[in-house]
Amino acid sequence: MLGGGGMIGQKLAQHLAKQPLLGGRGISHLRLIDAFIEPNIPTGASFPIVSEIADITDSKKCTELVSDRPEFIFHLAAIVSGEAESNFEKGYLVNLDGTRNLFEAIRAEKEYCPRVVYTSTAAVYGGPYPELSEDAGDEFILQPRTSYGVQKAIGELLLNDYSRRGFLDGVGLRLPTICVRPGKPNAAASGVFSNIIREPLAGIETTLSVSKDVSMIFASPRSAVGFLIHAAQLDKKLLGDRRSMMMPGVHATIGQEIEALRRVAGERIVSFIKESAPDPFAQKMVDAWNFPAFPATHARSLGFTCESTFDELIHLHIESELDGKIPGQDL
Ligand SMILES: NC(=O)c1ccc[n+]([C@@H]2O[C@H](COP(=O)([O-])OP(=O)(O)OC[C@H]3O[C@@H](n4cnc5c(N)ncnc54)[C@H](O)[C@@H]3O)[C@@H](O)[C@H]2O)c1
């Protein structure tokens, strides 16, 4: 697993440690790889898990990483949206060149075709969107409005081509914003969508510096793990030639997120959100998305599922990250 020290990587590792089955067989071992954070090894696994620091921008390292020919590769390593926008070179180096290094290392192994699950993003789309959300299906034009979205869209094309040529067996997941993101705020411009829920629930003030009518598409960390596991096991005959697809999600504006927070946690918690004048950089990033309610028909027909309301996402966060309680208040 590349990017195994990151948020989704850690959630996936914890899940696999508890439910050690993939493709109908027991997991023999797991390697968690990350360039910047030494991945934590989840406890309780019945199979060996190793944690390593390695950088996918180093092509020799990629060769070494695939030399033991894992059957499944989860490629989650990436520079997230805000950083890829503010540091153009780094974004292309990791998100594009790193991905190509990995795919090339796999290609160089003869008679080897692992299932590669690639985490793309809804940010491969950029609009302008059709009036009806139902018309924004998987075939809707990929016209990203961020460097991150472009890098991921190119990654999807590479995934398709390397799959078509039989070098690997790829599945690309256009992930919605994973919310509520646990931990500290990160450099993802989409962080605002989680910050305004997570920080107030922890009794911490947070600043809202983008307009409330911006809309997004969301799924929980639990759903993200579900998507990845399902993708790893999906019959390739069902995928056809299109290896990447939009995952299902819950559509909401920032204003609707705040309303959901009010319903679930009350006015006192909402009062921790302090509205400020728009931050031009953050506003420009969220305006570049402003997603419609993508129908994700293909993914749903293949059995990918997620929550159906934003309230559910908040409840899940309270259960999994706050031991079922909002600090300072009885639910
Ligand atoms: N979290 C979301 O809302 C979301 C939405 C859409 C897509 N995604 C994609 O899902 C994946 C996982 O997201 P996340 O939220 O866990 O992100 P994250 O930032 O928490 O994790 C990504 C990890 O990749 C590692 N990494 C960066 N450069 C690397 C390199 N050169 N070599 C090896 N590792 C490197 C980072 O250290 C980090 O730990 C990413 O590819 C991201 O683009 C996430």
# chains A, B, ... in the order shown; residues from 1 in each chain; ligands from 1
>>> residues_near_ligand(ligand="ligand 1", cutoff="6 Å", atoms="only C-alpha atoms and all ligand atoms", output="count of residues only")
28
>>> residues_around(residues="Met246 (chain A)", least_positions_apart="5", cutoff="8 Å", atoms="only C-alpha atoms", output="number ranges by chain")
A: 121-122, 138, 173-176, 294, 296, 298-299
>>> atom_distance(atom1="CA of Arg268 (chain A)", atom2="CA of Ser190 (chain A)")
24.4 Å
>>> select_by_dssp(residues="region 29-247 of chain A", states="strand (DSSP E)", output="PyMOL selection string")
chain A and resi 30-34+49-53+72-75+115-121+169-175+177-178+206-208+215-219+244-246
>>> residues_around(residues="Ser301 (chain A)", least_positions_apart="5", cutoff="12 Å", atoms="only C-alpha atoms", output="PyMOL selection string")
chain A and resi 238-239+245-248+295-296
>>> write_last_selection(atoms="N, CA and C atoms", output="PDB file, in the first residue's frame")
ATOM      1  N   LEU A 238     -16.426  -7.000 -15.501  1.00  0.00           N
ATOM      2  CA  LEU A 238     -17.471  -5.996 -15.277  1.00  0.00           C
ATOM      3  C   LEU A 238     -16.974  -4.573 -15.552  1.00  0.00           C
ATOM      4  N   LEU A 239     -15.651  -4.422 -15.593  1.00  0.00           N
ATOM      5  CA  LEU A 239     -15.092  -3.076 -15.747  1.00  0.00           C
ATOM      6  C   LEU A 239     -15.082  -2.619 -17.202  1.00  0.00           C
ATOM      7  N   MET A 245     -14.021   5.290 -12.438  1.00  0.00           N
ATOM      8  CA  MET A 245     -15.433   5.694 -12.319  1.00  0.00           C
ATOM      9  C   MET A 245     -15.655   6.545 -11.072  1.00  0.00           C
ATOM     10  N   MET A 246     -16.695   7.374 -11.155  1.00  0.00           N
ATOM     11  CA  MET A 246     -17.068   8.222 -10.016  1.00  0.00           C
ATOM     12  C   MET A 246     -17.708   7.349  -8.942  1.00  0.00           C
ATOM     13  N   MET A 247     -17.236   7.504  -7.726  1.00  0.00           N
ATOM     14  CA  MET A 247     -17.815   6.776  -6.592  1.00  0.00           C
ATOM     15  C   MET A 247     -19.085   7.490  -6.108  1.00  0.00           C
ATOM     16  N   PRO A 248     -20.001   6.751  -5.490  1.00  0.00           N
ATOM     17  CA  PRO A 248     -21.200   7.406  -4.956  1.00  0.00           C
ATOM     18  C   PRO A 248     -20.858   8.350  -3.808  1.00  0.00           C
ATOM     19  N   PRO A 295     -24.435  11.216 -10.346  1.00  0.00           N
ATOM     20  CA  PRO A 295     -25.270  10.036 -10.081  1.00  0.00           C
ATOM     21  C   PRO A 295     -24.456   8.774  -9.780  1.00  0.00           C
ATOM     22  N   ALA A 296     -23.216   8.700 -10.284  1.00  0.00           N
ATOM     23  CA  ALA A 296     -22.334   7.532 -10.053  1.00  0.00           C
ATOM     24  C   ALA A 296     -23.063   6.224 -10.374  1.00  0.00           C
TER      25      ALA A 296
END
>>> closest_atom_pairs(of="region 183-204 of chain A", to="region 275-286 of chain A", cutoff="12 Å", atoms="only C-alpha atoms", output="JSON lines")
{"residue": "A:Ala187", "atom": "CA", "partner": "A:Ala282", "partner_atom": "CA", "distance": 10.7}
{"residue": "A:Ala188", "atom": "CA", "partner": "A:Met285", "partner_atom": "CA", "distance": 9.7}
{"residue": "A:Ala189", "atom": "CA", "partner": "A:Ala282", "partner_atom": "CA", "distance": 6.3}
{"residue": "A:Ser190", "atom": "CA", "partner": "A:Val286", "partner_atom": "CA", "distance": 7.1}
{"residue": "A:Gly191", "atom": "CA", "partner": "A:Ala282", "partner_atom": "CA", "distance": 9.8}
{"residue": "A:Val192", "atom": "CA", "partner": "A:Ala282", "partner_atom": "CA", "distance": 8.6}
{"residue": "A:Phe193", "atom": "CA", "partner": "A:Val286", "partner_atom": "CA", "distance": 9.7}
{"residue": "A:Ile196", "atom": "CA", "partner": "A:Glu275", "partner_atom": "CA", "distance": 10.3}
>>> residues_around(residues="Glu64 (chain A)", least_positions_apart="3", cutoff="12 Å", atoms="only C-alpha atoms", output="ChimeraX atom specification")
/A:54-56,58-61,67-70,101-102,104-106,108-109
>>> write_last_selection(atoms="N, CA and C atoms", output="short mmCIF file (atom, residue, chain, number, x, y, z; two decimals), in the first residue's frame")
data_model
loop_
_atom_site.label_atom_id
_atom_site.label_comp_id
_atom_site.auth_asym_id
_atom_site.auth_seq_id
_atom_site.Cartn_x
_atom_site.Cartn_y
_atom_site.Cartn_z
N ALA A 54 9.50 5.13 1.88
CA ALA A 54 10.00 5.04 0.50
C ALA A 54 9.25 6.06 -0.33
N ASP A 55 9.94 6.58 -1.33
CA ASP A 55 9.39 7.68 -2.12
C ASP A 55 9.13 7.20 -3.55
N ILE A 56 7.91 7.35 -4.03
CA ILE A 56 7.60 6.84 -5.38
C ILE A 56 8.20 7.72 -6.48
N ASP A 58 11.24 8.07 -6.69
CA ASP A 58 12.51 7.37 -6.92
C ASP A 58 12.19 6.09 -7.70
N SER A 59 12.54 6.08 -8.98
CA SER A 59 12.12 4.95 -9.82
C SER A 59 12.78 3.64 -9.37
N LYS A 60 14.04 3.74 -8.89
CA LYS A 60 14.71 2.49 -8.43
C LYS A 60 13.97 1.91 -7.25
N LYS A 61 13.50 2.81 -6.39
CA LYS A 61 12.75 2.36 -5.21
C LYS A 61 11.46 1.65 -5.65
N SER A 67 9.23 -5.72 -6.59
CA SER A 67 10.00 -6.94 -6.90
C SER A 67 9.45 -8.18 -6.20
N ASP A 68 8.71 -7.99 -5.09
CA ASP A 68 8.13 -9.20 -4.49
C ASP A 68 6.72 -9.48 -5.03
N ARG A 69 6.37 -8.79 -6.09
CA ARG A 69 5.18 -9.07 -6.89
C ARG A 69 3.89 -9.24 -6.09
N PRO A 70 3.50 -8.17 -5.36
CA PRO A 70 2.24 -8.27 -4.63
C PRO A 70 1.06 -8.46 -5.59
N ASN A 101 6.27 6.11 -12.47
CA ASN A 101 7.36 5.25 -11.98
C ASN A 101 6.81 3.91 -11.49
N LEU A 102 5.72 4.01 -10.73
CA LEU A 102 5.13 2.78 -10.18
C LEU A 102 4.65 1.88 -11.32
N GLU A 104 5.58 1.83 -14.40
CA GLU A 104 6.72 1.32 -15.18
C GLU A 104 7.41 0.17 -14.46
N ALA A 105 7.52 0.30 -13.14
CA ALA A 105 8.16 -0.76 -12.35
C ALA A 105 7.34 -2.04 -12.48
N ILE A 106 6.02 -1.89 -12.48
CA ILE A 106 5.15 -3.07 -12.62
C ILE A 106 5.33 -3.67 -14.03
N ALA A 108 7.86 -3.60 -15.90
CA ALA A 108 9.17 -4.24 -16.07
C ALA A 108 9.20 -5.67 -15.51
N GLU A 109 8.29 -5.96 -14.60
CA GLU A 109 8.21 -7.34 -14.07
C GLU A 109 7.48 -8.18 -15.13
#
>>> select_by_dssp(residues="region 18-166 of chain A", states="alpha helix (DSSP H)", output="number ranges by chain")
A: 18, 59-66, 81-86, 88-91, 99-108, 147-164
>>> write_last_selection(atoms="C-alpha atoms", output="short mmCIF file (atom, residue, chain, number, x, y, z; two decimals), in the first residue's frame")
data_model
loop_
_atom_site.label_atom_id
_atom_site.label_comp_id
_atom_site.auth_asym_id
_atom_site.auth_seq_id
_atom_site.Cartn_x
_atom_site.Cartn_y
_atom_site.Cartn_z
CA LYS A 18 -9.34 -6.89 11.48
CA SER A 59 12.12 4.95 -9.82
CA LYS A 60 14.71 2.49 -8.43
CA LYS A 61 12.75 2.36 -5.21
CA CYS A 62 9.57 1.58 -7.15
CA THR A 63 11.37 -1.31 -8.87
CA GLU A 64 12.40 -2.64 -5.48
CA LEU A 65 8.89 -2.19 -4.07
CA VAL A 66 7.23 -4.33 -6.72
CA SER A 81 -5.02 19.52 -3.86
CA GLY A 82 -3.95 22.71 -2.03
CA GLU A 83 -0.28 21.76 -2.05
CA ALA A 84 -0.39 20.60 -5.68
CA GLU A 85 -1.76 24.03 -6.58
CA SER A 86 0.75 26.04 -4.54
CA PHE A 88 3.36 23.06 -9.14
CA GLU A 89 6.62 21.07 -9.50
CA LYS A 90 6.02 18.87 -6.47
CA GLY A 91 2.45 18.07 -7.54
CA THR A 99 2.50 7.22 -10.60
CA ARG A 100 4.30 6.57 -13.88
CA ASN A 101 7.36 5.25 -11.98
CA LEU A 102 5.13 2.78 -10.18
CA PHE A 103 3.37 1.66 -13.35
CA GLU A 104 6.72 1.32 -15.18
CA ALA A 105 8.16 -0.76 -12.35
CA ILE A 106 5.15 -3.07 -12.62
CA ARG A 107 5.51 -3.25 -16.41
CA ALA A 108 9.17 -4.24 -16.07
CA SER A 147 -3.34 21.04 -11.25
CA TYR A 148 -4.19 18.21 -8.83
CA GLY A 149 -7.24 17.29 -10.94
CA VAL A 150 -5.13 17.31 -14.12
CA GLN A 151 -2.48 15.07 -12.52
CA LYS A 152 -5.13 12.60 -11.38
CA ALA A 153 -6.86 12.65 -14.79
CA ILE A 154 -3.55 11.81 -16.49
CA GLY A 155 -3.07 9.04 -13.92
CA GLU A 156 -6.46 7.63 -14.95
CA LEU A 157 -5.43 7.62 -18.61
CA LEU A 158 -2.18 5.84 -17.74
CA LEU A 159 -4.13 3.32 -15.66
CA ASN A 160 -6.38 2.63 -18.65
CA ASP A 161 -3.53 2.26 -21.09
CA TYR A 162 -1.37 0.05 -18.87
CA SER A 163 -4.46 -2.09 -18.23
CA ARG A 164 -5.33 -2.26 -21.92
#
>>> residues_around(residues="Gln14 (chain A)", least_positions_apart="3", cutoff="12 Å", atoms="only C-alpha atoms", output="list in words")
Gly4, Gly5, Met7, Ile8, Gly9, Gln10, Lys11, Ala17, Lys18, Gln19, Pro20, Leu30, Leu32, Pro39, Asn40, Ile41, Pro42, Thr43, Gly44, Ala45, Ile49, Pro221, Arg222 and Val225 of chain A
>>> residues_around(residues="Ile27 (chain A)", least_positions_apart="5", cutoff="9 Å", atoms="only C-alpha atoms", output="list of chain:residue names")
A:Leu16, A:Pro20, A:Leu21, A:Leu22, A:Ser46, A:Phe47
>>> write_last_selection(atoms="N, CA and C atoms", output="compact mmCIF listing (two decimals), in the first residue's frame")
# COMPACT_ATOMS: atom_id res chain seq x y z
N LEU A 16 -8.03 -3.98 7.24
CA LEU A 16 -7.46 -5.26 6.76
C LEU A 16 -6.91 -6.08 7.93
N PRO A 20 -8.95 -9.93 7.53
CA PRO A 20 -7.81 -10.21 6.64
C PRO A 20 -8.15 -11.06 5.41
N LEU A 21 -9.10 -10.61 4.65
CA LEU A 21 -9.51 -11.33 3.44
C LEU A 21 -9.51 -10.39 2.25
N LEU A 22 -8.96 -10.84 1.15
CA LEU A 22 -9.01 -10.05 -0.08
C LEU A 22 -9.09 -11.04 -1.24
N SER A 46 -3.42 -10.93 12.04
CA SER A 46 -2.96 -12.32 12.12
C SER A 46 -1.88 -12.61 11.08
N PHE A 47 -1.46 -11.59 10.34
CA PHE A 47 -0.43 -11.77 9.30
C PHE A 47 0.60 -10.65 9.49
>>> closest_residue(among="A:Glu307, A:Arg263, A:Gly324, A:Asn290", to="Tyr129 (chain A)", atoms="only C-alpha atoms")
A:Asn290
>>> atom_distance(atom1="CA of Phe74 (chain A)", atom2="CA of Gly172 (chain A)")
10.3 Å
>>> atom_distance(atom1="CA of Glu267 (chain A)", atom2="CA of Ile217 (chain A)")
24.3 Å
>>> closest_residue(among="A:Glu131, A:Asp235, A:Asp213, A:Glu38", to="Leu302 (chain A)", atoms="only C-alpha atoms")
A:Asp235
>>> closest_residue(among="A:Ala123, A:Ile269, A:Val116, A:Ala224", to="Glu199 (chain A)", atoms="only C-alpha atoms")
A:Ile269
